[in-house]
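> Just passing along the structure, written as structure tokens.
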Amino acid sequence: MQMDAEKRKISELRKRHKARQIQKPATPDPVAGRKHMDVQTENFLEEISDRPVEVEVDTQTDAFMDRPPSPLFIPMKTGVDQETQIYEGDLFDFDFEVEPILQVMVGKTLEQSLMEVLEEEELANMRAHQDEFDQIRAAELAEAQRMEEAERRRFEEKERRLAQERERVANERSVARKVAAQGFAHRYVGDVVANVFGSLEQTGFFYDPLVKEIEDVFMPWLLGGVSSNIQAMHDAERTVDASIQAALQAQEDNCRRVEEERLRKIADAKRLKEEAEAAAAAAAAA
């Protein structure tokens, strides 16, 4: 009987699923990163159990018979109903049963409150002792720092005094060495200084800057200027001599030409005279 009911239920589900597939369009493919899953959408939820044994059964009905309407699906009831009846006072008396629990709760609450108060007082005493200890430690630390600072200042003053004393002793030793060296130098080179300075002065090591400048700068410049002036004067004299010579030569040439012209005229006049005399003699002779 139960298997027949399961078979009918399975066939009804198949028919509904087939009718749903025919009436509704297919579900589109899920988007990227998602997937479809089966969800019950019936009015009555049913417990999902293991898949029962399936048996295929077929039958043939007359072609002219219409399909009867599908009855309303009501899932089969699962589980067993039980009932009981409890009257007043059967289980427990609340006022009687709650009194020890209430006593325990109130006692625990009072004990916890008392413990918290004691802990707060102890913490306050500890804070007071801690503050007093911090003050004492701060005072001791300040005193230790003061003593360390005083000791440091004394040590620095001692080191400074020692450094000054060492410097004074070193300066005295240096001065003593310098005095001794100076005395020895005076005794050793006292007679040599005059000779050395004389020799250096003779060799030209010591010189008068003014004299040196006059000899090395002024005198060459003066001699150069005088030489330039003398050379210019000589050039001017040569130019004047050349001009005079050219003028005299030109005058001499002019005089020569005038003399030659005069002699030529005299010769021409003499020749003409002789020709005239010759002609006159010839005429007289004829």
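Residues in the structure tokens are numbered from 1 in each chain, the chains being A, B, ... in the order shown, and ligands are numbered from 1 in the order shown.
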Within 12 Å of Ser11 (chain A), counting only C-alpha atoms, which residues show up once you throw out same-chain ones fewer than 4 positions away? Write them as an NGL selection string, please.
:A and (4-7 or 15-18 or 54-58 or 70)
> Any chance you could list, as an MDAnalysis selection string, the residues in region 23-243 of chain A that come up alpha helix (DSSP H) when DSSP is run on the backbone?
chainID A and resid 23 94:189 192:202 209:213 219:243
> To one decimal in Å, tell me the separation between CA of Val226 (chain A) and CA of Thr239 (chain A).
19.7 Å
